[in-house]
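Text of final-v3.txt (compact mmCIF, C-alpha atoms and all ligand atoms) as supplied:
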# COMPACT_ATOMS: atom_id res chain seq x y z
CA MET A 1 58.91 -29.34 10.89
CA ASP A 2 55.50 -28.53 11.99
CA PRO A 3 55.06 -30.13 15.31
CA GLY A 4 51.42 -30.49 15.06
CA ASP A 5 52.09 -32.58 12.11
CA VAL A 6 55.30 -34.29 12.40
CA ALA A 7 55.54 -35.48 15.83
CA GLY A 8 51.81 -35.31 15.96
CA HIS A 9 51.71 -38.22 13.61
CA GLY A 10 54.42 -39.70 15.73
CA SER A 11 53.98 -43.40 16.04
CA LYS A 12 52.22 -43.67 12.72
CA VAL A 13 55.05 -41.92 10.98
CA PHE A 14 57.51 -44.24 12.61
CA LYS A 15 55.75 -47.27 11.20
CA GLY A 16 55.90 -45.87 7.75
CA ASP A 17 58.18 -46.96 5.03
CA PHE A 18 59.86 -43.62 4.54
CA HIS A 19 63.26 -43.01 5.88
CA LEU A 20 63.11 -40.28 8.45
CA ALA A 21 61.05 -39.78 11.51
CA ASP A 22 60.89 -36.24 10.47
CA GLY A 23 60.22 -36.54 6.85
CA VAL A 24 58.85 -38.02 3.75
CA VAL A 25 62.27 -39.06 2.76
CA LEU A 26 62.48 -41.10 -0.35
CA PRO A 27 65.53 -43.04 -1.30
CA ASP A 28 66.88 -41.61 -4.52
CA GLU A 29 66.33 -44.80 -6.38
CA HIS A 30 62.61 -44.30 -5.86
CA LYS A 31 62.62 -40.83 -7.30
CA GLY A 32 62.76 -40.88 -11.05
CA LYS A 33 64.71 -43.30 -13.08
CA GLY A 34 68.41 -43.08 -13.65
CA GLU A 35 68.99 -40.31 -11.21
CA GLY A 36 72.09 -42.05 -9.92
CA GLY A 37 71.98 -40.38 -6.54
CA HIS A 38 74.71 -42.61 -5.14
CA ARG A 39 77.15 -42.07 -7.92
CA GLY A 40 80.29 -40.17 -7.15
CA LEU A 41 80.20 -40.87 -3.40
CA THR A 42 82.67 -42.89 -1.41
CA TYR A 43 82.13 -44.15 2.11
CA PRO A 44 85.41 -44.32 4.04
CA PHE A 45 83.74 -45.72 7.19
CA PRO A 46 81.26 -48.28 5.94
CA THR A 47 80.72 -50.04 9.28
CA PRO A 48 78.60 -48.01 11.68
CA PRO A 49 79.08 -48.14 15.43
CA GLY A 50 76.70 -50.31 17.42
CA VAL A 51 74.82 -48.95 20.42
CA GLY A 52 77.33 -47.94 23.08
CA GLU A 53 80.21 -47.95 20.59
CA ALA A 54 82.03 -45.14 18.80
CA VAL A 55 84.08 -44.84 15.63
CA THR A 56 86.74 -42.14 15.36
CA VAL A 57 86.04 -40.55 11.97
CA ALA A 58 88.40 -37.56 12.21
CA PRO A 59 90.81 -36.26 14.84
CA GLY A 60 88.79 -35.57 17.99
CA VAL A 61 85.49 -36.60 16.36
CA LEU A 62 83.60 -39.70 17.48
CA TRP A 63 80.66 -41.10 15.52
CA LEU A 64 77.92 -42.71 17.62
CA ARG A 65 74.50 -44.06 16.74
CA LEU A 66 71.24 -44.05 18.64
CA PRO A 67 68.23 -46.18 17.76
CA LEU A 68 65.04 -44.69 16.31
CA PRO A 69 61.74 -46.58 16.44
CA MET A 70 60.97 -46.51 12.73
CA SER A 71 62.13 -47.87 9.43
CA LEU A 72 65.00 -45.42 9.46
CA SER A 73 66.47 -47.24 12.40
CA HIS A 74 69.04 -44.75 13.62
CA ILE A 75 70.33 -41.23 14.00
CA ASN A 76 74.04 -40.47 13.99
CA VAL A 77 75.27 -38.22 16.76
CA TYR A 78 78.80 -36.95 17.18
CA ALA A 79 81.00 -36.29 20.20
CA LEU A 80 83.78 -33.72 19.76
CA GLU A 81 86.70 -33.72 22.17
CA ASP A 82 86.48 -30.51 24.12
CA GLY A 83 89.26 -30.15 26.69
CA ASP A 84 88.53 -32.55 29.53
CA GLY A 85 85.03 -33.30 28.25
CA TRP A 86 82.84 -33.42 25.17
CA THR A 87 80.72 -31.23 22.97
CA LEU A 88 77.82 -33.30 21.64
CA VAL A 89 76.14 -32.68 18.30
CA ASP A 90 72.49 -33.86 18.21
CA THR A 91 70.80 -36.04 20.78
CA GLY A 92 68.25 -38.62 19.55
CA LEU A 93 64.58 -38.98 20.43
CA ASN A 94 63.27 -39.00 23.96
CA THR A 95 62.83 -42.79 24.14
CA PRO A 96 64.10 -45.35 26.66
CA ALA A 97 66.23 -46.98 23.95
CA ALA A 98 68.00 -43.72 23.08
CA ILE A 99 68.58 -42.94 26.76
CA ALA A 100 70.07 -46.43 27.22
CA GLY A 101 72.27 -45.75 24.18
CA TRP A 102 73.57 -42.55 25.73
CA GLU A 103 74.21 -44.24 29.07
CA ALA A 104 76.28 -46.92 27.33
CA ALA A 105 78.18 -44.32 25.30
CA LEU A 106 78.83 -41.99 28.21
CA SER A 107 80.25 -44.70 30.43
CA GLY A 108 81.90 -46.52 27.51
CA PRO A 109 83.70 -44.72 24.68
CA LEU A 110 83.14 -41.26 26.19
CA GLY A 111 85.03 -42.43 29.25
CA GLY A 112 82.78 -40.91 31.89
CA ARG A 113 84.02 -37.44 30.97
CA PRO A 114 81.55 -34.56 31.27
CA VAL A 115 79.45 -33.07 28.50
CA LYS A 116 80.40 -29.40 28.29
CA ARG A 117 78.09 -28.24 25.47
CA VAL A 118 75.15 -29.64 23.53
CA ILE A 119 74.68 -28.45 19.95
CA CYS A 120 71.52 -29.28 17.98
CA THR A 121 71.72 -28.88 14.23
CA HIS A 122 67.96 -28.29 14.05
CA MET A 123 64.75 -28.76 15.94
CA HIS A 124 63.40 -32.01 14.54
CA PRO A 125 62.58 -34.49 17.30
CA ASP A 126 65.27 -37.03 16.46
CA HIS A 127 67.89 -34.29 16.78
CA ILE A 128 66.61 -32.36 19.76
CA GLY A 129 64.66 -34.98 21.73
CA LEU A 130 67.17 -35.50 24.52
CA ALA A 131 68.85 -32.08 24.52
CA GLY A 132 66.98 -31.03 27.65
CA TRP A 133 67.95 -34.26 29.40
CA LEU A 134 71.64 -33.96 28.51
CA CYS A 135 71.86 -30.25 29.34
CA GLU A 136 70.22 -30.76 32.70
CA ARG A 137 72.28 -33.78 33.60
CA PHE A 138 75.61 -32.08 32.88
CA ASP A 139 74.58 -28.50 33.57
CA ALA A 140 75.70 -27.85 30.00
CA PRO A 141 74.52 -25.03 27.73
CA LEU A 142 72.44 -25.65 24.60
CA LEU A 143 73.75 -24.11 21.38
CA MET A 144 71.36 -23.65 18.45
CA SER A 145 70.34 -21.16 15.83
CA ARG A 146 67.64 -18.82 17.08
CA LEU A 147 64.86 -19.86 14.72
CA GLU A 148 65.37 -23.54 15.47
CA TYR A 149 65.32 -22.93 19.23
CA VAL A 150 62.22 -20.75 19.13
CA MET A 151 60.35 -23.14 16.84
CA ALA A 152 61.18 -26.06 19.11
CA ARG A 153 59.96 -24.21 22.19
CA MET A 154 56.74 -23.34 20.33
CA LEU A 155 56.18 -26.94 19.32
CA VAL A 156 56.77 -28.29 22.79
CA ALA A 157 54.33 -25.68 24.10
CA ASP A 158 51.66 -26.91 21.65
CA THR A 159 51.66 -30.33 23.26
CA GLY A 160 48.38 -30.87 25.07
CA LEU A 161 46.57 -28.06 23.26
CA PRO A 162 43.66 -28.74 20.89
CA ALA A 163 44.43 -28.70 17.17
CA PRO A 164 43.95 -25.25 15.64
CA GLU A 165 41.13 -24.72 13.16
CA ASP A 166 43.71 -23.30 10.74
CA GLY A 167 45.18 -26.78 10.53
CA ALA A 168 41.85 -28.32 9.59
CA VAL A 169 41.30 -25.62 6.95
CA PHE A 170 44.78 -26.27 5.58
CA TYR A 171 44.28 -30.02 5.20
CA ARG A 172 40.76 -29.67 3.84
CA ALA A 173 42.20 -27.38 1.17
CA ALA A 174 44.80 -30.02 0.36
CA GLY A 175 42.04 -32.57 -0.26
CA TRP A 176 41.89 -34.54 2.97
CA ASN A 177 38.60 -36.24 3.86
CA ALA A 178 36.76 -35.83 7.17
CA ASP A 179 38.32 -38.94 8.74
CA GLN A 180 41.81 -37.78 7.85
CA ILE A 181 41.18 -34.33 9.31
CA ASP A 182 39.79 -35.98 12.42
CA ARG A 183 42.98 -37.95 12.80
CA TYR A 184 45.03 -34.76 12.42
CA ARG A 185 43.05 -33.27 15.29
CA LYS A 186 43.56 -36.31 17.49
CA ASN A 187 47.29 -36.55 16.82
CA PHE A 188 48.05 -32.86 17.12
CA GLY A 189 50.72 -31.83 19.58
CA GLY A 190 52.76 -34.98 19.75
CA PHE A 191 56.08 -33.14 19.50
CA GLY A 192 56.47 -32.76 23.23
CA LYS A 193 55.98 -36.47 23.78
CA VAL A 194 59.23 -37.33 22.01
CA VAL A 195 61.11 -34.18 23.02
CA ARG A 196 62.19 -33.46 26.59
CA PRO A 197 61.43 -29.93 27.79
CA LEU A 198 64.19 -27.70 26.49
CA PRO A 199 66.45 -25.52 28.57
CA THR A 200 64.77 -22.14 29.02
CA ALA A 201 67.88 -20.34 27.79
CA PHE A 202 70.27 -21.08 24.96
CA ILE A 203 73.37 -19.78 23.17
CA ARG A 204 72.67 -18.58 19.65
CA LEU A 205 74.68 -19.83 16.69
CA VAL A 206 74.88 -17.55 13.66
CA GLU A 207 76.09 -17.93 10.09
CA GLY A 208 79.84 -17.50 9.73
CA GLU A 209 80.59 -17.71 13.44
CA VAL A 210 83.58 -19.86 14.38
CA LEU A 211 83.29 -22.13 17.42
CA SER A 212 86.43 -23.29 19.17
CA ILE A 213 85.92 -26.88 20.25
CA GLY A 214 88.99 -28.64 21.62
CA ASP A 215 91.78 -28.06 19.13
CA GLY A 216 89.41 -27.35 16.24
CA ASP A 217 87.73 -24.27 14.82
CA TRP A 218 84.26 -25.08 13.49
CA ARG A 219 82.51 -22.60 11.23
CA VAL A 220 78.72 -22.33 11.39
CA VAL A 221 77.13 -22.68 7.95
CA ILE A 222 73.36 -22.24 7.88
CA GLY A 223 71.05 -24.17 5.57
CA GLU A 224 67.34 -23.66 4.96
CA GLY A 225 64.41 -25.58 3.57
CA HIS A 226 64.43 -28.82 5.53
CA SER A 227 64.16 -26.76 8.69
CA PRO A 228 64.23 -22.99 9.02
CA GLU A 229 67.79 -22.28 10.18
CA HIS A 230 69.72 -25.55 10.11
CA VAL A 231 73.25 -25.45 11.53
CA CYS A 232 76.09 -27.26 9.78
CA LEU A 233 79.55 -27.14 11.37
CA TRP A 234 82.60 -27.14 9.14
CA ARG A 235 86.16 -27.67 10.34
CA GLU A 236 87.88 -26.05 7.43
CA SER A 237 91.43 -27.00 8.51
CA ASP A 238 90.88 -30.63 7.53
CA ASP A 239 87.56 -30.36 5.69
CA VAL A 240 85.28 -32.14 8.12
CA LEU A 241 81.60 -31.22 7.94
CA LEU A 242 78.90 -32.04 10.46
CA GLY A 243 76.10 -31.86 7.93
CA GLY A 244 73.02 -32.72 10.01
CA ASP A 245 70.08 -33.37 7.70
CA GLN A 246 71.18 -30.71 5.22
CA ILE A 247 73.28 -33.09 3.10
CA LEU A 248 72.36 -36.76 3.53
CA PRO A 249 73.72 -39.61 1.44
CA ARG A 250 71.30 -42.05 -0.18
CA ILE A 251 68.08 -40.34 0.96
CA SER A 252 66.79 -36.81 0.52
CA SER A 253 65.50 -34.81 3.46
CA ILE A 254 61.86 -33.83 3.66
CA VAL A 255 61.05 -30.35 2.42
CA ALA A 256 57.47 -29.59 3.36
CA VAL A 257 54.81 -26.95 3.98
CA TRP A 258 52.97 -27.11 7.32
CA PRO A 259 49.75 -25.45 8.54
CA THR A 260 51.58 -22.77 10.50
CA GLU A 261 52.81 -21.17 7.26
CA PRO A 262 50.64 -22.30 4.34
CA ALA A 263 52.25 -19.98 1.78
CA ALA A 264 55.83 -20.92 2.68
CA ASP A 265 58.29 -21.77 -0.08
CA PRO A 266 60.65 -24.21 1.64
CA LEU A 267 61.63 -25.81 -1.66
CA GLY A 268 62.85 -22.43 -2.92
CA ASP A 269 64.82 -22.05 0.32
CA TRP A 270 66.16 -25.58 -0.01
CA LEU A 271 67.34 -25.24 -3.61
CA THR A 272 68.90 -21.84 -2.91
CA SER A 273 70.71 -23.32 0.08
CA LEU A 274 71.99 -26.36 -1.78
CA LYS A 275 73.32 -24.17 -4.57
CA ARG A 276 75.03 -21.90 -2.07
CA LEU A 277 76.58 -24.85 -0.23
CA LYS A 278 78.07 -25.98 -3.53
CA THR A 279 80.14 -22.78 -3.46
CA VAL A 280 81.26 -23.36 0.13
CA PHE A 281 82.42 -26.96 0.51
CA PRO A 282 85.26 -28.47 -1.52
CA GLU A 283 84.84 -31.91 -3.03
CA THR A 284 87.38 -33.34 -0.58
CA THR A 285 85.08 -32.63 2.37
CA LEU A 286 84.31 -35.55 4.67
CA VAL A 287 80.59 -35.18 5.34
CA LEU A 288 79.35 -36.57 8.66
CA PRO A 289 75.59 -36.84 8.16
CA SER A 290 72.80 -37.44 10.67
CA HIS A 291 71.58 -40.53 8.81
CA GLY A 292 73.56 -43.00 6.74
CA GLU A 293 77.33 -43.26 6.64
CA PRO A 294 80.05 -40.60 6.45
CA PHE A 295 80.91 -39.87 2.83
CA ILE A 296 83.12 -37.96 0.47
CA GLY A 297 81.56 -36.45 -2.63
CA VAL A 298 79.65 -33.40 -1.40
CA GLN A 299 79.48 -31.72 -4.80
CA ALA A 300 78.07 -34.82 -6.51
CA ARG A 301 75.60 -35.27 -3.69
CA LEU A 302 74.39 -31.66 -3.79
CA ASP A 303 73.97 -31.95 -7.56
CA ALA A 304 71.93 -35.14 -7.16
CA LEU A 305 69.68 -33.60 -4.51
CA ILE A 306 68.99 -30.56 -6.70
CA ARG A 307 68.40 -32.73 -9.74
CA GLY A 308 65.96 -34.95 -7.83
CA HIS A 309 63.69 -32.00 -7.06
CA GLU A 310 63.97 -30.63 -10.59
CA THR A 311 62.88 -34.00 -11.96
CA GLY A 312 59.96 -34.05 -9.53
CA LEU A 313 58.92 -30.55 -10.57
CA LYS A 314 58.87 -31.57 -14.23
CA ARG A 315 56.69 -34.58 -13.49
CA LEU A 316 54.46 -32.40 -11.35
CA GLU A 317 53.99 -29.93 -14.20
CA ARG A 318 52.89 -32.75 -16.50
CA THR A 319 50.38 -33.89 -13.85
CA LEU A 320 48.96 -30.37 -13.61
CA SER A 321 47.74 -30.42 -17.19
CA LYS A 322 44.48 -31.31 -15.42
CA PRO A 323 43.33 -29.55 -12.21
CA CYS A 324 44.65 -31.38 -9.16
CA ARG A 325 44.42 -31.21 -5.40
CA ALA A 326 47.64 -31.62 -3.40
CA VAL A 327 46.62 -35.21 -2.63
CA ASP A 328 46.29 -35.94 -6.35
CA VAL A 329 49.95 -35.32 -7.17
CA PHE A 330 51.63 -37.89 -4.92
CA SER A 331 52.37 -40.22 -7.81
CA ALA A 332 54.34 -37.46 -9.55
CA LEU A 333 56.64 -37.10 -6.55
CA PHE A 334 56.62 -40.41 -4.72
CA ALA A 335 57.10 -43.84 -6.17
CA ARG A 336 55.36 -45.61 -3.35
CA ALA A 337 51.80 -45.62 -2.08
CA ILE A 338 51.01 -43.03 0.56
CA ASP A 339 49.08 -44.51 3.47
CA ASP A 340 47.39 -42.44 6.12
CA GLY A 341 50.43 -42.57 8.40
CA LEU A 342 52.47 -40.75 5.75
CA LEU A 343 49.72 -38.46 4.56
CA GLY A 344 50.82 -35.35 6.47
CA MET A 345 54.38 -35.51 5.24
CA ALA A 346 53.45 -36.41 1.67
CA THR A 347 50.93 -33.56 1.60
CA GLY A 348 53.51 -31.17 3.01
CA GLU A 349 56.12 -32.18 0.46
CA SER A 350 53.61 -31.96 -2.40
CA LEU A 351 52.60 -28.48 -1.28
CA ALA A 352 56.26 -27.46 -1.13
CA HIS A 353 56.58 -28.34 -4.81
CA LEU A 354 53.24 -26.71 -5.70
CA ASN A 355 54.03 -23.51 -3.80
CA TYR A 356 57.40 -23.41 -5.52
CA LEU A 357 55.78 -23.62 -8.96
CA ALA A 358 53.30 -20.93 -7.95
CA ARG A 359 56.10 -18.60 -6.82
CA GLN A 360 57.77 -19.16 -10.17
CA GLY A 361 54.55 -18.26 -11.95
CA ARG A 362 54.30 -21.77 -13.34
CA ALA A 363 51.17 -22.89 -11.43
CA ARG A 364 48.17 -21.29 -9.83
CA VAL A 365 45.56 -22.33 -7.34
CA ALA A 366 41.85 -21.64 -6.84
CA ARG A 367 39.78 -22.59 -3.79
CA ASP A 368 36.32 -24.04 -4.50
CA ALA A 369 33.12 -23.58 -2.51
CA ASP A 370 34.01 -26.58 -0.33
CA GLY A 371 37.32 -25.06 0.68
CA VAL A 372 39.38 -27.35 -1.54
CA ASP A 373 42.33 -25.97 -3.50
CA TRP A 374 42.70 -26.93 -7.18
CA TRP A 375 46.08 -26.45 -8.82
CA THR A 376 46.66 -25.95 -12.54
CA LEU A 377 49.48 -24.82 -14.77
CA THR A 378 49.41 -21.16 -15.65
CA PRO A 379 48.45 -20.73 -19.31
CA SER A 380 51.94 -19.52 -20.22
CA SER A 381 53.43 -22.69 -18.71
CA GLU A 382 51.28 -25.05 -20.70
CA THR A 383 52.94 -26.73 -23.62
ZN ZN B 401 65.46 -33.17 10.22

Could you spell out this file's structure in structure tokens?
Ligand SMILES: [Zn+2]
Amino acid sequence: MDPGDVAGHGSKVFKGDFHLADGVVLPDEHKGKGEGGHRGLTYPFPTPPGVGEAVTVAPGVLWLRLPLPMSLSHINVYALEDGDGWTLVDTGLNTPAAIAGWEAALSGPLGGRPVKRVICTHMHPDHIGLAGWLCERFDAPLLMSRLEYVMARMLVADTGLPAPEDGAVFYRAAGWNADQIDRYRKNFGGFGKVVRPLPTAFIRLVEGEVLSIGDGDWRVVIGEGHSPEHVCLWRESDDVLLGGDQILPRISSIVAVWPTEPAADPLGDWLTSLKRLKTVFPETTLVLPSHGEPFIGVQARLDALIRGHETGLKRLERTLSKPCRAVDVFSALFARAIDDGLLGMATGESLAHLNYLARQGRARVARDADGVDWWTLTPSSET
């Protein structure tokens, strides 16, 4: 997630009615009629742990929750038994409430045993916010994929710097007005406010690698699109998957373009990833997601996520029968009104769909004299 944008909109994002701090995440029922995103899923652990509590969801795997200050009220984190201590997966935001949640968990269900490793699935603030705090406190190493670690360090380093002119150009092109661009400038660099400084060294996780944690062997499976090199961990012996934000039940993760890479095609990455994951995980897999409840039904869920974007792309193509700016296509993709607090994420997600169509040769864009981009269907795509 672009820091300048995501965390930069920080508190405003948190007040929004979308479902992730780090994303324009729409519940499936709001995306297109009859999508049936929940169908085919079962939830074997319907009651989530309260703050300072833990639920054992698989041998050696504890499910904990930390509060988030937004409408998506929580992030799930997991503690894996690791010899005489724990390996933690994801950390929550750097807020007093999340720190209090950790204190209660560490002295409560985690039994005062040490944290031996901290793994972050990806670099979004709700996942990485307290990694630095936990690693420092327990002198524990941080394990991440390389792209996620480097991006996070970059975003933390942006905190306190002025907004880049490239960002203003990017949002002007998308159709933002002067006030909205002004607000982007003011809010830029908020990432470091909700993320503790990261350890200055880390251990790299790579696709296919197998991590020994306690009695279990966890295979690293990389996803792309929601974030650049998202780590999932799969214990193949009993089909337990720490899915992060790559496969969420009920809501779909944000897939967005940010000013640092205006021509990116994260939706292409996302769809390619989801299709690949369908070939990896069997239907019996217990998915332990970062938001929502653990579920079984990974194939149905991956199908629904793919279908949701395909439906959105079709509606977007109909909208592009007339020239549109990125800000003109929200109603094709989002069922709810986009207020200014959600504007960055909604713009990013719209551009992800537009860039995807452009890469497929189905849409094209032209910049006018005012620096505004107008998107249309390519002639061959018109019906
Ligand atoms: Zn995320």

| Do you have the atom CA of Leu143 of chain A-atom CA of Ala201 of chain A distance handy? |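 Computed distance, atom CA of Leu143 of chain A to atom CA of Ala201 of chain A, equals 9.5 Å.
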
| task | Would you list the residues that come within 7 Å of ligand ZN 401 (chain B)? Count all atoms listed in the file and give the answer as a list of chain:residue names. | result |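 Protein and nucleic-acid residues within 7 Å of ligand ZN 401 (chain B): A:Asp22, A:His122, A:His124, A:His226, A:Ser227, A:Asp245, A:Ser253.
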
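Nearest to Pro96 of chain A of all the residues A:Asp215, A:Val150, A:Ala335, A:Leu130 is A:Leu130, based on all atoms listed in the file.
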
| Thr378 of chain A surroundings by all atoms listed in the file, 7 Å radius, close-in-sequence under 5 positions cut, as a count of residues only | 4

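With distances taken over all atoms listed in the file, A:Leu343 is the one residue among A:Ala54, A:Val231, A:Leu343, A:Leu134 lying closest to Trp176 of chain A.
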
| request: For Glu165 of chain A, work out the shell of residues within 12 Å, counting all atoms listed in the file and skipping chain neighbours fewer than 5 positions away, then give it as a VMD selection string. | output: chain A and resid 4 170 to 172 181 to 182 184 to 185 188 259 to 260
